[in-house]
Amino acid sequence: MSKLMQRELKGQGKLLDTQGNLADIGWARQPLLDCNLEDANFYSPLMRFWQPMRIKCWDYYGITTPTHFFSFTISDVGYLGSIFAYVIEFSSGNYHEETLSIPLAKGVQLPRNSSDGLSLYDNGKVKLQFEVKPTKRKLFVNWPNFSDGDLEAELEMALPPEHESMVIVIPIKGKRFYYNRKVNCMPASGWVKYRGKRCKIDPHTCLANLDWGRGVWLYNSFWVWASASGFLPDRRRIGLNLGFGFGDTSAATENAIILDGRIYKLGQVDFEYDNHNFKAPWKMKSPDGRLDLKFVPFFERAAKTDIKVLSSEVHQMFGHYSGSAVLDNGQAVKIEKLVGWAEEHHAKW
């Protein structure tokens with residue numbers, strides 16, 4: 001799939017029409033469509049009461065620093081709220097993750113759109129709060145008894161209006177769909193306290209990413225996602241967002257290079273990896289020659305849950321990207337040991 005076959009959305013409007021169909025499909029540099037999930041209509045009238053259980057919503061933030069990766073998520077998958085955080089220390093491989101599962105997502109607050117509002121979970125002990133401001137995002141985290149001490153954070157991520165996002169609106173099957181916004185390379189500042197140590201988050205060395213998702217997925221779902229936010233030797237901010245497996249990407253993939261806040265759209269990207277040995281090197285190449293990467297993992301985050309009817313298994317590999325990418329103007333960008341991740345995820349949800 002060439003870049004020219006990617007359908008770019010231009011105008012604003014609603015995500016769904018009055019019959020619950022996607023009003024438009026494609027990709028965009030900014031979130032143009034109003035996420036009117038109240039108009040979703042994918043079950044027969046007799047089954048309509050199940051609809052709220054099938055809508056999936058999440059806000060996932062990650063912060064890549066020279067020494068750690070910090071991640072915080074608030075999600076509502078319909079029948080369950082999932083609140084989780086994890087920390088990886090690169091040098092030692094020390095890793096800790098905590099998850100709260102909230103029946104019927106009681107107390108989980110997520111905004112209608114990605115460009116404003118408040119995401120919040122607060123049970124009187126654990127509190128995660130994500131606040132959207134006009135040119136920045138603010139995160140507050142307080143998680144007592146998180147691995148040899150409390151996990152606390154106060155973070156601010158710069159996101160001026162000109163900073164572009166990788167936005168896709170795609171059908172999955174029938175009236176199921178996925179509306180997703182990925183933001184890479186947001187300069188992050190503030191602090192995180194973990195295991196009794198306060199880590200300073202400096203925007204000159206630390207970059208954040210956002211994965212904002214809303215949609216209706218198949219019960220059996222599968223996807224691969226690869227991402228990175230870092231710096232080139234000349235200090236320009238470089239990001240990657242690549243993926244497949246989650247729906248009909250004939251009108252738009254989520255594949256892109258991000259350089260200093262500008263999206264350089266890619267079409268098809270082929271992945272080569274061993275799902276019996278995720279720690280073996282991965283390869284990502286585009287048929288048009290614009291992307292040629294090798295990803296060498298150094299850490300595996302494996303998370304698995306299985307309660308028969310519902311299950312999830314993710315292998316998120318952290319490692320280094322090396323290779324080359326070609327921008328829209330033909331300029332080649334050399335990538336060397338860029339820290340990021342690649343994951344495979346299977347879910348029955």
# chains A, B, ... in the order shown; residues from 1 in each chain; ligands from 1
$ closest_atom_pairs --of "stretch 207-238 of chain A" --to "stretch 277-295 of chain A" --cutoff "12 Å" --atoms "only C-alpha atoms" --output "CSV"
residue,atom,partner,partner_atom,distance
A:Val224,CA,A:Met284,CA,11.6
A:Trp225,CA,A:Met284,CA,11.4
A:Ala226,CA,A:Met284,CA,9.5
A:Ser227,CA,A:Phe295,CA,10.8
A:Ala228,CA,A:Phe295,CA,10.9
$ residues_around --residues "A:Ser229" --least-positions-apart "3" --cutoff "7 Å" --atoms "only C-alpha atoms" --output "ChimeraX atom specification"
/A:184-185,207,238-240,340
$ closest_residue --among "A:Gly243, A:Gly196, A:Gly230, A:Gly149" --to "A:Phe271" --atoms "only C-alpha atoms"
A:Gly243
$ closest_residue --among "A:Val192, A:Ala256, A:Met47, A:Ile201" --to "A:Asp328" --atoms "only C-alpha atoms"
A:Ala256
$ residues_around --residues "stretch 220-222 of chain A" --least-positions-apart "2" --cutoff "8 Å" --atoms "only C-alpha atoms" --output "list in words"
Trp217, Leu218, Val224, Gly245, Phe246, Glu344, His345, His346, Ala347, Lys348 and Trp349 of chain A
$ closest_residue --among "A:Leu104, A:Ile168, A:Val141, A:Ile335" --to "A:Leu32" --atoms "only C-alpha atoms"
A:Ile168
$ residues_around --residues "A:Asp34" --least-positions-apart "2" --cutoff "10 Å" --atoms "only C-alpha atoms" --output "MDAnalysis selection string"
chainID A and resid 12:16 31:32 36:37 112:115
$ closest_residue --among "A:Asp260, A:Asp39, A:Glu272, A:Glu162" --to "A:Arg237" --atoms "only C-alpha atoms"
A:Asp260
$ residues_around --residues "A:Gly247" --least-positions-apart "6" --cutoff "12 Å" --atoms "only C-alpha atoms" --output "list in words"
Ile25, Ile168, Val169, Ile170, Pro171, Ile172, Lys173, Gly174, Lys175, Arg176, Phe177, Tyr178, Tyr179, Asn180, Gly215, Val216, Trp217, Leu218, Asn220, Ser221, Phe222, Trp223, Val224, Thr253 and Glu254 of chain A
$ residues_around --residues "A:Thr65" --least-positions-apart "2" --cutoff "8 Å" --atoms "only C-alpha atoms" --output "list in words"
Ile63, Thr67, His68, Phe69, Ile201, Thr205, Cys206 and Leu207 of chain A
$ write_last_selection --atoms "N, CA, C and O atoms" --output "CSV table (one decimal), in the first residue's frame"
chain,number,residue,atom,x,y,z
A,63,ILE,N,6.0,7.3,29.5
A,63,ILE,CA,7.1,8.3,29.6
A,63,ILE,C,8.4,7.6,29.4
A,63,ILE,O,8.7,6.7,30.3
A,67,THR,N,16.6,6.4,31.8
A,67,THR,CA,16.8,5.3,32.7
A,67,THR,C,15.6,4.4,33.0
A,67,THR,O,15.7,3.2,33.4
A,68,HIS,N,14.4,4.9,32.7
A,68,HIS,CA,13.1,4.2,33.1
A,68,HIS,C,12.1,4.4,32.0
A,68,HIS,O,12.1,5.3,31.2
A,69,PHE,N,11.1,3.5,32.0
A,69,PHE,CA,9.8,3.7,31.3
A,69,PHE,C,8.7,3.7,32.4
A,69,PHE,O,8.6,2.7,33.2
A,201,ILE,N,12.0,14.4,35.9
A,201,ILE,CA,11.6,14.2,34.5
A,201,ILE,C,11.9,15.6,33.8
A,201,ILE,O,11.3,16.6,34.0
A,205,THR,N,15.4,15.4,27.9
A,205,THR,CA,15.8,14.0,27.8
A,205,THR,C,14.6,13.0,27.9
A,205,THR,O,14.8,11.9,27.6
A,206,CYS,N,13.4,13.5,28.3
A,206,CYS,CA,12.3,12.7,28.5
A,206,CYS,C,11.1,13.0,27.6
A,206,CYS,O,10.7,14.2,27.5
A,207,LEU,N,10.6,12.0,27.0
A,207,LEU,CA,9.4,12.2,26.0
A,207,LEU,C,8.3,11.3,26.4
A,207,LEU,O,8.5,10.1,26.8
$ atom_distance --atom1 "atom CA of A:Arg54" --atom2 "atom CA of A:Lys304"
20.7 Å
$ select_by_dssp --residues "stretch 68-274 of chain A" --states "strand (DSSP E or B)" --output "PyMOL selection string"
chain A and resi 68-76+80-89+95-103+109+118-122+127-132+136-143+151-158+166-171+177-194+197-201+207-216+220-231+237-244+256-259+262-265+270-272
$ residues_around --residues "stretch 83-86 of chain A" --least-positions-apart "5" --cutoff "7 Å" --atoms "only C-alpha atoms" --output "ChimeraX atom specification"
/A:70-75,96-101
$ write_last_selection --atoms "N, CA, C and O atoms" --output "CSV table (one decimal), in the first residue's frame"
chain,number,residue,atom,x,y,z
A,70,PHE,N,7.9,4.7,32.4
A,70,PHE,CA,6.8,4.8,33.3
A,70,PHE,C,5.5,4.8,32.5
A,70,PHE,O,5.4,5.5,31.5
A,71,SER,N,4.5,4.0,32.9
A,71,SER,CA,3.2,4.0,32.2
A,71,SER,C,2.0,4.0,33.1
A,71,SER,O,2.1,3.3,34.2
A,72,PHE,N,1.0,4.7,32.7
A,72,PHE,CA,-0.2,4.9,33.5
A,72,PHE,C,-1.4,4.8,32.6
A,72,PHE,O,-1.5,5.5,31.6
A,73,THR,N,-2.4,4.0,33.0
A,73,THR,CA,-3.6,3.8,32.2
A,73,THR,C,-4.9,3.8,33.0
A,73,THR,O,-5.0,3.3,34.1
A,74,ILE,N,-5.9,4.5,32.4
A,74,ILE,CA,-7.3,4.4,32.9
A,74,ILE,C,-8.1,3.9,31.7
A,74,ILE,O,-8.1,4.5,30.6
A,75,SER,N,-8.8,2.8,32.0
A,75,SER,CA,-9.6,2.2,30.9
A,75,SER,C,-11.0,1.7,31.4
A,75,SER,O,-11.1,1.4,32.5
A,96,HIS,N,7.9,-3.6,37.8
A,96,HIS,CA,6.8,-3.9,38.7
A,96,HIS,C,5.5,-3.3,38.0
A,96,HIS,O,5.6,-2.2,37.4
A,97,GLU,N,4.4,-4.0,38.2
A,97,GLU,CA,3.1,-3.6,37.6
A,97,GLU,C,2.0,-3.9,38.6
A,97,GLU,O,2.1,-5.0,39.3
A,98,GLU,N,1.1,-3.0,38.7
A,98,GLU,CA,-0.1,-3.2,39.6
A,98,GLU,C,-1.3,-2.9,38.7
A,98,GLU,O,-1.3,-2.0,37.9
A,99,THR,N,-2.4,-3.7,38.9
A,99,THR,CA,-3.6,-3.5,38.2
A,99,THR,C,-4.8,-3.6,39.2
A,99,THR,O,-4.9,-4.4,40.0
A,100,LEU,N,-5.8,-2.7,39.0
A,100,LEU,CA,-7.0,-2.7,39.7
A,100,LEU,C,-8.1,-3.1,38.7
A,100,LEU,O,-8.2,-2.4,37.6
A,101,SER,N,-8.9,-4.1,38.9
A,101,SER,CA,-10.1,-4.5,38.1
A,101,SER,C,-11.4,-4.0,38.8
A,101,SER,O,-11.6,-4.5,39.9
$ closest_residue --among "A:Asn255, A:Cys57, A:Ile102, A:Ile88" --to "A:Ser119" --atoms "only C-alpha atoms"
A:Cys57
$ closest_residue --among "A:Val183, A:Leu310, A:Met317, A:Ile257" --to "A:Phe298" --atoms "only C-alpha atoms"
A:Met317
$ atom_distance --atom1 "atom CA of A:Ile307" --atom2 "atom CA of A:Val108"
22.1 Å
